[in-house]
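Visitor: As input, take final_7.cif (mmCIF, C-alpha atoms and all ligand atoms):
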```cif
data_data
#
loop_
_atom_site.label_atom_id
_atom_site.label_comp_id
_atom_site.auth_asym_id
_atom_site.auth_seq_id
_atom_site.Cartn_x
_atom_site.Cartn_y
_atom_site.Cartn_z
CA MET A 752 77.95 109.49 -8.60
CA LYS A 753 77.51 107.12 -11.54
CA ILE A 754 78.86 103.67 -10.78
CA LEU A 755 79.18 100.60 -12.96
CA PHE A 756 79.04 97.66 -10.55
CA LEU A 757 80.33 94.31 -11.85
CA ASP A 758 79.59 90.88 -10.36
CA GLN A 759 80.22 87.46 -11.88
CA SER A 760 77.31 85.66 -10.23
CA GLY A 761 73.64 85.38 -11.06
CA LYS A 762 73.06 83.71 -7.70
CA PRO A 763 72.41 85.58 -4.47
CA GLY A 764 75.43 84.67 -2.31
CA GLY A 765 76.57 86.91 0.54
CA ALA A 766 78.75 89.10 -1.70
CA GLU A 767 75.78 89.74 -3.97
CA LEU A 768 73.39 90.51 -1.09
CA CYS A 769 75.97 92.94 0.26
CA LEU A 770 76.24 94.58 -3.18
CA LEU A 771 72.47 94.96 -3.36
CA ASP A 772 72.53 97.15 -0.24
CA ILE A 773 75.55 99.13 -1.42
CA ALA A 774 74.06 99.82 -4.87
CA LYS A 775 70.62 100.88 -3.60
CA PRO A 776 71.51 104.53 -2.86
CA TYR A 777 73.04 104.85 -6.36
CA ARG A 778 70.17 103.19 -8.22
CA HIS A 779 69.06 106.32 -10.11
CA THR A 780 72.45 106.80 -11.71
CA SER A 781 74.15 103.43 -11.69
CA LEU A 782 74.04 99.96 -13.23
CA ILE A 783 74.87 96.46 -12.02
CA ALA A 784 76.28 94.32 -14.83
CA LEU A 785 76.24 90.56 -14.15
CA PHE A 786 78.21 87.89 -15.99
CA ALA A 787 75.44 85.31 -15.45
CA ASP A 788 71.67 85.36 -15.13
CA GLY A 789 69.79 84.03 -12.12
CA ASP A 790 67.77 84.80 -9.02
CA PHE A 791 70.03 87.73 -8.09
CA ARG A 792 68.66 89.65 -11.10
CA ASN A 793 65.11 89.28 -9.71
CA LEU A 794 66.20 90.60 -6.31
CA LEU A 795 67.86 93.63 -7.92
CA GLN A 796 64.80 94.34 -10.03
CA LYS A 797 62.56 94.13 -6.95
CA SER A 798 64.72 96.84 -5.38
CA HIS A 799 64.53 98.90 -8.61
CA ILE A 800 68.26 98.67 -9.20
CA PRO A 801 69.08 98.71 -12.94
CA VAL A 802 70.69 95.44 -13.97
CA GLN A 803 72.09 94.14 -17.23
CA ILE A 804 73.11 90.55 -17.95
CA LEU A 805 76.21 90.58 -20.12
CA THR A 806 76.36 86.94 -21.12
CA ASN A 807 74.35 83.76 -20.86
CA GLN A 808 77.59 81.82 -20.54
CA THR A 809 79.28 81.58 -17.13
CA ILE A 810 82.99 82.38 -17.21
CA LYS A 811 84.80 79.19 -16.31
CA THR A 812 87.59 80.19 -13.98
CA ARG A 813 87.90 77.62 -11.24
CA LYS A 814 89.71 77.96 -7.96
CA GLN A 815 92.40 75.55 -9.14
CA SER A 816 92.64 77.02 -12.63
CA ASN A 817 95.89 76.63 -14.53
CA LEU A 818 97.30 78.59 -17.43
CA ILE A 819 95.41 76.67 -20.11
CA GLN A 820 92.10 77.13 -18.35
CA GLY A 821 93.11 80.76 -17.90
CA LEU A 822 93.61 81.18 -21.62
CA THR A 823 90.29 79.47 -22.38
CA SER A 824 88.54 81.93 -20.13
CA LEU A 825 90.29 84.78 -21.95
CA THR A 826 88.26 83.86 -25.03
CA GLN A 827 85.16 84.29 -22.86
CA ILE A 828 86.40 87.48 -21.23
CA ILE A 829 87.23 89.42 -24.40
CA PRO A 830 83.63 89.61 -25.73
CA LEU A 831 82.55 90.76 -22.25
CA ILE A 832 85.07 93.57 -22.20
CA THR A 833 84.14 94.62 -25.74
CA LYS A 834 80.54 94.96 -24.55
CA LEU A 835 81.56 96.76 -21.37
CA ILE A 836 83.85 99.50 -22.68
CA PRO A 837 81.14 101.66 -24.32
CA ILE A 838 78.95 101.14 -21.24
CA ALA A 839 81.79 102.05 -18.85
CA LYS A 840 82.31 105.40 -20.58
CA LYS A 841 78.89 106.51 -19.26
CA TYR A 842 79.97 105.95 -15.64
CA ASP A 843 82.41 107.64 -13.23
CA LEU A 844 83.91 104.49 -11.78
CA ILE A 845 83.98 100.72 -11.98
CA TYR A 846 83.22 98.71 -8.85
CA ALA A 847 84.29 95.05 -9.05
CA ASN A 848 82.50 92.91 -6.46
CA THR A 849 84.05 89.48 -7.18
CA GLN A 850 87.37 88.08 -8.39
CA LYS A 851 86.29 87.48 -11.99
CA ALA A 852 84.74 90.94 -11.95
CA LEU A 853 88.18 92.21 -10.89
CA VAL A 854 89.80 90.63 -13.96
CA VAL A 855 87.15 92.00 -16.34
CA GLY A 856 86.93 95.29 -14.45
CA THR A 857 90.70 95.86 -14.64
CA LEU A 858 90.79 95.65 -18.42
CA THR A 859 87.61 97.70 -18.77
CA SER A 860 88.92 100.33 -16.37
CA PHE A 861 92.24 100.52 -18.21
CA LEU A 862 90.66 100.81 -21.65
CA SER A 863 87.89 103.22 -20.62
CA GLN A 864 90.14 105.28 -18.33
CA ARG A 865 87.80 104.97 -15.35
CA PRO A 866 89.01 104.36 -11.77
CA LEU A 867 88.59 100.86 -10.36
CA VAL A 868 87.37 99.84 -6.90
CA TYR A 869 87.66 96.22 -5.77
CA HIS A 870 85.35 95.00 -3.00
CA LEU A 871 87.17 92.06 -1.48
CA HIS A 872 84.76 89.50 0.01
CA ASP A 873 87.32 86.70 0.31
CA ILE A 874 90.20 85.64 2.49
CA LEU A 875 92.89 85.44 -0.16
CA CYS A 876 94.78 82.34 0.93
CA THR A 877 95.59 78.96 -0.60
CA THR A 878 92.84 77.17 1.37
CA HIS A 879 90.28 78.99 -0.75
CA PHE A 880 92.15 79.76 -3.99
CA SER A 881 94.77 78.39 -6.36
CA LYS A 882 98.15 80.13 -6.29
CA THR A 883 97.55 81.39 -9.85
CA ASN A 884 94.29 83.06 -8.91
CA LEU A 885 95.80 84.53 -5.75
CA THR A 886 98.71 86.06 -7.61
CA LEU A 887 96.39 87.36 -10.33
CA ALA A 888 94.03 89.03 -7.83
CA ILE A 889 96.86 90.66 -5.86
CA THR A 890 98.72 91.82 -8.97
CA LEU A 891 95.63 93.34 -10.57
CA ALA A 892 94.50 95.00 -7.36
CA ASN A 893 97.97 96.46 -6.63
CA ARG A 894 98.53 97.67 -10.15
CA PHE A 895 95.08 98.90 -11.19
CA ALA A 896 92.71 99.45 -8.25
CA SER A 897 92.43 102.90 -6.69
CA LEU A 898 90.81 101.37 -3.63
CA VAL A 899 90.27 97.90 -2.15
CA ILE A 900 87.38 97.56 0.31
CA ALA A 901 87.88 94.52 2.55
CA ASN A 902 84.81 93.02 4.24
CA SER A 903 86.72 92.37 7.50
CA GLN A 904 90.08 92.80 9.20
CA ALA A 905 90.66 89.12 8.46
CA SER A 906 90.24 89.68 4.70
CA GLN A 907 92.40 92.80 4.90
CA THR A 908 95.19 90.96 6.74
CA ALA A 909 95.16 88.07 4.25
CA PHE A 910 95.29 90.55 1.36
CA ILE A 911 98.37 92.24 2.81
CA GLN A 912 100.02 88.93 3.73
CA ALA A 913 99.55 87.73 0.15
CA GLY A 914 101.43 90.82 -1.10
CA GLY A 915 98.58 93.35 -1.39
CA ASN A 916 99.46 97.03 -0.98
CA PRO A 917 98.46 98.06 2.59
CA ASN A 918 97.86 101.66 1.48
CA LEU A 919 95.08 100.61 -0.89
CA VAL A 920 92.89 98.66 1.50
CA GLN A 921 90.17 99.85 3.91
CA VAL A 922 87.89 97.67 6.01
CA VAL A 923 84.15 98.26 5.67
CA TYR A 924 81.82 95.69 7.23
CA ASN A 925 78.56 94.58 5.62
CA GLY A 926 75.60 96.76 6.61
CA PHE A 927 72.09 95.67 7.61
CA ASN A 928 68.70 97.25 8.14
CA SER A 929 67.98 96.07 11.70
CA GLN A 930 64.22 96.67 11.32
CA LYS A 931 64.03 93.83 8.80
CA TYR A 932 65.05 91.46 11.60
CA GLN A 933 62.28 92.40 14.04
CA ILE A 934 59.60 89.81 13.50
CA PRO A 935 56.22 89.98 15.27
CA ASP A 936 55.50 87.12 17.64
CA ASN A 937 52.39 85.89 15.76
CA ILE A 938 54.51 85.34 12.61
CA VAL A 939 57.10 83.44 14.66
CA GLN A 940 54.41 81.18 16.15
CA GLN A 941 52.87 80.61 12.73
CA THR A 942 56.26 79.70 11.20
CA LYS A 943 56.94 77.28 14.08
CA GLN A 944 53.60 75.56 13.43
CA GLU A 945 54.27 75.36 9.70
CA LEU A 946 57.66 73.77 10.32
CA ASP A 947 56.27 71.52 13.06
CA ILE A 948 58.95 72.64 15.53
CA ALA A 949 56.76 74.39 18.11
CA ASP A 950 57.75 72.10 21.01
CA LYS A 951 61.41 71.58 20.07
CA PHE A 952 64.70 73.24 20.95
CA VAL A 953 65.74 74.39 17.50
CA ILE A 954 69.22 75.09 16.15
CA GLY A 955 69.30 77.07 12.91
CA HIS A 956 72.04 76.82 10.31
CA PHE A 957 71.74 79.34 7.48
CA SER A 958 74.58 78.86 5.03
CA ARG A 959 74.63 77.65 1.45
CA LEU A 960 75.40 73.92 1.33
CA ALA A 961 79.14 73.64 0.70
CA PRO A 962 81.81 71.51 2.41
CA TRP A 963 83.62 74.51 3.92
CA LYS A 964 80.40 75.81 5.47
CA GLY A 965 80.58 72.67 7.63
CA GLN A 966 76.96 71.51 7.87
CA HIS A 967 78.40 68.03 8.47
CA ILE A 968 79.99 69.30 11.69
CA LEU A 969 76.62 70.42 13.01
CA ILE A 970 74.96 67.11 12.09
CA ALA A 971 77.73 65.17 13.86
CA ALA A 972 77.39 67.41 16.94
CA LEU A 973 73.60 67.04 16.94
CA ALA A 974 73.98 63.28 17.36
CA LYS A 975 75.75 64.01 20.67
CA CYS A 976 73.04 66.40 21.96
CA PRO A 977 69.87 65.48 23.92
CA PRO A 978 67.07 64.07 21.68
CA GLN A 979 64.85 67.16 22.11
CA VAL A 980 67.44 69.22 20.20
CA THR A 981 66.64 69.51 16.47
CA ALA A 982 68.11 71.45 13.55
CA ILE A 983 66.90 73.29 10.48
CA LEU A 984 69.42 73.61 7.65
CA VAL A 985 68.55 76.56 5.45
CA GLY A 986 70.39 77.09 2.17
CA ASP A 987 71.12 75.27 -1.04
CA ALA A 988 74.16 74.20 -3.06
CA LEU A 989 74.62 77.43 -5.03
CA PHE A 990 77.83 76.49 -6.80
CA GLY A 991 77.38 72.85 -7.83
CA GLU A 992 78.18 71.11 -4.53
CA HIS A 993 75.61 68.36 -5.20
CA ASP A 994 77.83 65.51 -3.93
CA TYR A 995 78.07 67.27 -0.59
CA VAL A 996 74.28 67.53 -0.39
CA GLN A 997 74.02 63.76 -0.95
CA GLN A 998 76.66 63.18 1.74
CA LEU A 999 74.72 65.30 4.24
CA HIS A 1000 71.50 63.35 3.64
CA GLN A 1001 73.42 60.09 3.98
CA GLN A 1002 75.05 61.26 7.22
CA VAL A 1003 71.61 62.13 8.65
CA ARG A 1004 70.30 58.65 7.73
CA GLU A 1005 73.36 56.86 9.12
CA LEU A 1006 73.09 58.71 12.44
CA GLY A 1007 69.33 58.06 12.61
CA LEU A 1008 68.60 61.80 12.76
CA GLU A 1009 65.84 61.91 10.10
CA HIS A 1010 63.33 63.26 12.64
CA ARG A 1011 65.72 65.84 14.05
CA VAL A 1012 67.07 67.51 10.90
CA LYS A 1013 65.06 69.44 8.31
CA PHE A 1014 66.59 70.60 5.03
CA LEU A 1015 64.63 73.68 3.96
CA GLY A 1016 66.56 74.60 0.80
CA PHE A 1017 67.16 78.22 -0.28
CA ARG A 1018 64.70 80.61 1.39
CA HIS A 1019 63.90 84.28 1.10
CA ASP A 1020 62.39 84.57 4.61
CA ILE A 1021 65.63 84.35 6.62
CA PRO A 1022 64.64 86.81 9.42
CA GLN A 1023 61.40 84.88 10.11
CA LEU A 1024 63.18 81.53 10.13
CA MET A 1025 66.03 82.78 12.31
CA THR A 1026 63.62 84.21 14.83
CA THR A 1027 61.89 80.83 15.21
CA CYS A 1028 65.19 79.24 16.29
CA ASP A 1029 66.48 78.99 19.85
CA ILE A 1030 70.10 79.36 18.78
CA VAL A 1031 71.98 79.71 15.49
CA THR A 1032 75.21 77.90 14.66
CA HIS A 1033 77.94 78.80 12.20
CA THR A 1034 80.36 75.95 11.51
CA SER A 1035 82.70 76.99 8.68
CA THR A 1036 85.76 74.76 8.54
CA SER A 1037 87.90 77.45 6.83
CA PRO A 1038 88.06 81.01 8.14
CA GLU A 1039 84.87 82.88 7.20
CA PRO A 1040 85.73 86.18 5.48
CA PHE A 1041 82.86 88.03 7.18
CA GLY A 1042 79.76 85.91 7.85
CA ARG A 1043 76.52 87.77 7.17
CA VAL A 1044 74.45 85.02 8.78
CA ILE A 1045 76.18 85.63 12.11
CA VAL A 1046 75.19 89.31 12.15
CA GLU A 1047 71.68 88.52 10.92
CA ALA A 1048 71.17 86.03 13.75
CA MET A 1049 72.41 88.61 16.26
CA LEU A 1050 69.96 91.15 14.84
CA CYS A 1051 67.18 88.59 15.34
CA GLY A 1052 68.15 88.48 19.01
CA LYS A 1053 69.62 84.99 18.84
CA THR A 1054 72.63 83.52 20.56
CA VAL A 1055 75.12 82.44 17.92
CA ILE A 1056 77.71 79.71 18.30
CA ALA A 1057 80.33 80.47 15.65
CA ALA A 1058 83.57 78.86 14.48
CA GLN A 1059 86.44 80.82 15.98
CA ALA A 1060 88.32 82.01 12.89
CA GLY A 1061 88.39 84.80 10.32
CA GLY A 1062 85.72 87.49 10.35
CA ALA A 1063 83.56 85.63 12.91
CA MET A 1064 86.05 86.67 15.61
CA GLU A 1065 85.37 90.32 14.80
CA LEU A 1066 81.60 89.84 15.01
CA VAL A 1067 81.16 87.79 18.18
CA GLU A 1068 82.65 88.49 21.59
CA HIS A 1069 82.84 85.12 23.33
CA GLY A 1070 80.52 84.93 26.33
CA LYS A 1071 79.18 88.46 25.78
CA THR A 1072 77.47 88.52 22.37
CA GLY A 1073 77.64 84.83 21.50
CA PHE A 1074 80.00 81.87 21.73
CA LEU A 1075 83.11 81.01 19.73
CA VAL A 1076 84.14 77.36 19.41
CA THR A 1077 87.15 75.68 17.83
CA PRO A 1078 86.44 75.06 14.12
CA GLU A 1079 85.63 71.39 13.36
CA ASN A 1080 85.59 70.45 17.06
CA ILE A 1081 82.40 68.37 17.23
CA GLU A 1082 82.59 67.67 20.98
CA GLU A 1083 83.00 71.34 21.88
CA LEU A 1084 80.11 72.35 19.62
CA ALA A 1085 77.85 69.62 21.06
CA HIS A 1086 78.79 70.66 24.61
CA THR A 1087 78.06 74.35 23.94
CA ILE A 1088 74.70 73.56 22.28
CA THR A 1089 73.76 71.28 25.19
CA GLN A 1090 74.61 74.00 27.74
CA CYS A 1091 72.38 76.46 25.86
CA TYR A 1092 69.58 73.86 25.82
CA LYS A 1093 69.90 73.04 29.53
CA HIS A 1094 70.23 76.65 30.71
CA PRO A 1095 68.18 78.82 28.32
CA GLU A 1096 67.99 81.52 31.02
CA ASN A 1097 71.77 82.00 30.70
CA ILE A 1098 71.62 82.98 27.05
CA ILE A 1099 68.90 85.64 27.24
CA ALA A 1100 71.34 88.40 28.24
CA ILE A 1101 73.79 87.30 25.55
CA ALA A 1102 71.10 87.36 22.87
CA ASN A 1103 69.93 90.83 23.93
CA GLN A 1104 73.46 92.17 23.98
CA ALA A 1105 74.07 90.62 20.54
CA ARG A 1106 71.07 92.44 19.07
CA THR A 1107 72.07 95.81 20.56
CA THR A 1108 75.72 95.53 19.52
CA ALA A 1109 74.95 94.31 16.00
CA SER A 1110 72.39 97.03 15.32
CA GLN A 1111 74.95 99.66 16.38
CA ARG A 1112 77.99 98.25 14.58
CA PHE A 1113 76.45 97.13 11.30
CA ASP A 1114 73.84 99.77 10.62
CA ILE A 1115 73.38 100.02 6.85
CA LYS A 1116 73.12 103.83 6.87
CA SER A 1117 76.47 104.34 8.53
CA ILE A 1118 78.13 101.60 6.44
CA ASN A 1119 76.83 103.22 3.25
CA GLN A 1120 78.16 106.57 4.47
CA GLN A 1121 81.61 105.03 4.95
CA ILE A 1122 81.51 103.68 1.40
CA SER A 1123 80.27 106.97 -0.01
CA GLN A 1124 83.12 108.88 1.72
CA LEU A 1125 85.71 106.47 0.35
CA LEU A 1126 84.31 106.69 -3.19
CA CYS A 1127 84.08 110.50 -3.10
CA GLN A 1128 87.81 110.69 -2.33
CA LEU A 1129 88.51 108.99 -5.67
CA LYS A 1130 86.90 111.68 -7.79
N1 LIG B 1201 70.74 83.26 2.62
C1 LIG B 1201 69.48 83.35 2.02
N2 LIG B 1201 68.76 82.20 1.87
C2 LIG B 1201 69.22 81.00 2.26
C3 LIG B 1201 70.51 80.91 2.86
C4 LIG B 1201 71.25 82.07 3.04
O1 LIG B 1201 69.02 84.43 1.65
O2 LIG B 1201 68.50 80.02 2.10
C5 LIG B 1201 71.51 84.50 2.80
C6 LIG B 1201 71.85 84.79 4.25
O3 LIG B 1201 70.77 85.41 4.90
C7 LIG B 1201 73.08 85.67 4.09
C8 LIG B 1201 73.72 85.17 2.80
O4 LIG B 1201 72.74 84.36 2.16
O5 LIG B 1201 72.72 87.04 3.97
C9 LIG B 1201 74.96 84.34 3.01
O6 LIG B 1201 76.00 85.18 3.34
P1 LIG B 1201 77.24 84.77 4.24
O7 LIG B 1201 78.10 85.96 4.29
O8 LIG B 1201 76.80 84.23 5.54
O9 LIG B 1201 77.94 83.56 3.47
P2 LIG B 1201 78.39 83.36 1.93
O10 LIG B 1201 77.45 82.38 1.35
O11 LIG B 1201 78.38 84.67 1.26
O12 LIG B 1201 79.79 82.81 2.02
C1 LIG B 1202 81.53 86.32 0.89
C2 LIG B 1202 82.08 85.63 2.12
C3 LIG B 1202 81.22 85.87 3.35
C4 LIG B 1202 80.86 87.33 3.46
C5 LIG B 1202 80.19 87.82 2.20
C6 LIG B 1202 79.80 89.29 2.26
O1 LIG B 1202 80.54 85.61 0.27
O2 LIG B 1202 82.23 84.23 1.93
O3 LIG B 1202 81.93 85.49 4.52
O4 LIG B 1202 80.00 87.52 4.57
O5 LIG B 1202 81.07 87.64 1.13
O6 LIG B 1202 80.93 90.14 2.41
#
```
How does the structure come out when it is put into structure tokens?
Guide:
Amino acid sequence: MKILFLDQSGKPGGAELCLLDIAKPYRHTSLIALFADGDFRNLLQKSHIPVQILTNQTIKTRKQSNLIQGLTSLTQIIPLITKLIPIAKKYDLIYANTQKALVVGTLTSFLSQRPLVYHLHDILCTTHFSKTNLTLAITLANRFASLVIANSQASQTAFIQAGGNPNLVQVVYNGFNSQKYQIPDNIVQQTKQELDIADKFVIGHFSRLAPWKGQHILIAALAKCPPQVTAILVGDALFGEHDYVQQLHQQVRELGLEHRVKFLGFRHDIPQLMTTCDIVTHTSTSPEPFGRVIVEAMLCGKTVIAAQAGGAMELVEHGKTGFLVTPENIEELAHTITQCYKHPENIIAIANQARTTASQRFDIKSINQQISQLLCQLK
């Protein structure tokens, strides 16, 4: 099958990393077209997935966009669509992986007479999106998409609650190659030495730096944990959240935690880093649509403490494959971390169960089969 995948981002966020795995089996016949250049292009090229950058200008639709901003972005969208239509005619279907890709993909699909698939990576609610963007996404999906793939039940439910057609939407979780998360012990020891954390109890946090990912909640909780407990924060501000980064550094200084928090920036060695941690926390303050980092930590055989909302509740079974805590509840998070620190023997079984369950439920081969079956039905 020849697929034209569309994604608005040049940066490797979770939706893009998910797309990379979905596109791999189709790489001999398909193309990923991006609306911006960046590190994601390099990752695709490393995996030998054909990629084309359509513009060097990022389309400026913001979450809170109004009609005027909408019209301004139309002047950016039209040249994109003009470029895309002759390309689209060489492919069997258009696969929009982000919201702006849905807008561009809808018009391209309509004008090139190719079916449209929308992979929904978001919880479509007003916490995350403006009303205008919500209505636009739902209207376009209902009217033009032949299939909507939701990354979790939580995303599916929000889509339907916002007016999305229930008959269009199917849940397919992100898939992972569990072997990538099995790291030899010598590498783990070496990484610990390099990071100077060999004798510490280490909490890992692996999200991009953004207010709703809640790194500030972890820092506040850390201040209430025993002094041997330290944290590594892995990830960068991918979408311009530089003020938040400053705030986090200031919070660390104000709480006197300079020696207990390391900011490692964006890294490509996530499995190694996760495996060096004792536990991994996820602290999103708004419901996480899926939460790749949660599954990745489970695959590394780590106990995850995750915020109890959205997709995280489908990934972690409290007390069996990890812990769920009330979002933004600093005391509860600090208490759960401290219990893990004081009784490490109690979390071994949980971590083992997490690895087994995650490798069964999120195996990339079976996830790709599910996608392939859904796409074949559209032909
Ligand atoms: N990630 C990464 N390097 C980093 C931080 C994160 O490669 O420094 C990856 C992480 O392993 C995960 C993805 O980025 O696969 C983030 O996806 P997730 O679904 O957790 O959150 P998103 O950022 O998409 O909302
Ligand atoms: C989005 C969501 C994240 C999800 C990822 C992959 O980036 O924010 O929760 O894991 O897509 O579906």
Visitor: Rank A:Phe880, A:Phe791, A:Tyr869, A:Phe952 by their smallest atom-to-atom distance to ligand LIG 1201 (chain B), using all atoms listed in the file, and report the top residue only.
Guide: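 Comparing A:Phe880, A:Phe791, A:Tyr869, A:Phe952 against ligand LIG 1201 (chain B), the winner is A:Phe791.
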Visitor: Given a cut-off of 7 Å, what residues near ligand LIG 1202 (chain B) show up using only C-alpha atoms and all ligand atoms, put as a PyMOL selection string?
Guide: chain A and resi 764-766+769+872-873+902+925+1039-1043
Visitor: Show me which residues line ligand LIG 1201 (chain B), defined as having an atom within 10 Å of a ligand atom where all atoms listed in the file count, and present them as a PyMOL selection string.
Guide: chain A and resi 762-769+872-873+902+925+927+956-961+963-964+984-989+1015-1022+1024-1025+1033+1035+1039-1048+1062
Visitor: Select, from A:Phe1113, A:Ile1118, A:Leu785, A:Ile1030, the residue with the minimum atom-to-atom distance to Thr1087 (chain A), counting only C-alpha atoms.
Guide: A:Ile1030
Visitor: What are the closest atom pairs, with distances in Å to one decimal, for each residue of region 752-804 of chain A lying within 7 Å of region 844-860 of chain A, using all atoms listed in the file, rows by chain and rising residue number, as JSON lines?
Guide:
```
{"residue": "A:Lys753", "atom": "CA", "partner": "A:Leu844", "partner_atom": "CA", "distance": 6.9}
{"residue": "A:Ile754", "atom": "CA", "partner": "A:Leu844", "partner_atom": "CA", "distance": 5.2}
{"residue": "A:Leu755", "atom": "CA", "partner": "A:Ile845", "partner_atom": "CA", "distance": 4.9}
{"residue": "A:Phe756", "atom": "CA", "partner": "A:Tyr846", "partner_atom": "CA", "distance": 4.6}
{"residue": "A:Leu757", "atom": "CA", "partner": "A:Ala847", "partner_atom": "CA", "distance": 4.9}
{"residue": "A:Asp758", "atom": "CA", "partner": "A:Asn848", "partner_atom": "CA", "distance": 5.3}
{"residue": "A:Gln759", "atom": "CA", "partner": "A:Ala852", "partner_atom": "CA", "distance": 5.7}
```
Visitor: Please write out, as lines of an AutoDock Vina configuration file, where the centre of an axis-aligned box around all listed atoms of region 755-758 of chain A lies and how long its edges are, in Å to one decimal, after adding 3 Å on each side.
Guide:
```
center_x = 79.7
center_y = 95.7
center_z = -11.7
size_x = 7.3
size_y = 15.7
size_z = 8.6
```
Visitor: Work out how far CA of Lys1053 (chain A) is from CA of Ser1037 (chain A), in Å to one decimal.
Guide: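 Going from CA of Ser1037 (chain A) over to CA of Lys1053 (chain A) covers 23.1 Å.
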Visitor: Residues within 6 Å of region 891-896 of chain A, please, as a short mmCIF file (atom, residue, chain, number, x, y, z; two decimals) with C-alpha atoms, in the frame of the given file. Count all atoms listed in the file; anything in the same chain fewer than 4 positions from it doesn't count.
Guide:
```
data_model
loop_
_atom_site.label_atom_id
_atom_site.label_comp_id
_atom_site.auth_asym_id
_atom_site.auth_seq_id
_atom_site.Cartn_x
_atom_site.Cartn_y
_atom_site.Cartn_z
CA LEU A 867 88.59 100.86 -10.36
CA VAL A 868 87.37 99.84 -6.90
CA ASN A 916 99.46 97.03 -0.98
#
```
Visitor: Which residues, written as a tab-separated table (two decimals) with C-alpha atoms, keeping the file's coordinate frame, have at least one atom at most 9 Å from Leu794 (chain A), with all atoms listed in the file counted and residues fewer than 4 positions away on the same chain left out?
Guide:
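To be explicit, this is the file written out as result_33.tsv:
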```
chain	number	residue	atom	x	y	z
A	763	PRO	CA	72.41	85.58	-4.47
A	768	LEU	CA	73.39	90.51	-1.09
A	771	LEU	CA	72.47	94.96	-3.36
A	790	ASP	CA	67.77	84.80	-9.02
A	798	SER	CA	64.72	96.84	-5.38
A	799	HIS	CA	64.53	98.90	-8.61
A	800	ILE	CA	68.26	98.67	-9.20
```
Visitor: What does the distance from CA of Ile948 (chain A) to CA of Met1049 (chain A) come to in Å, to one decimal?
Guide: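 Straight-line distance from CA of Ile948 (chain A) to CA of Met1049 (chain A) works out to 20.9 Å.
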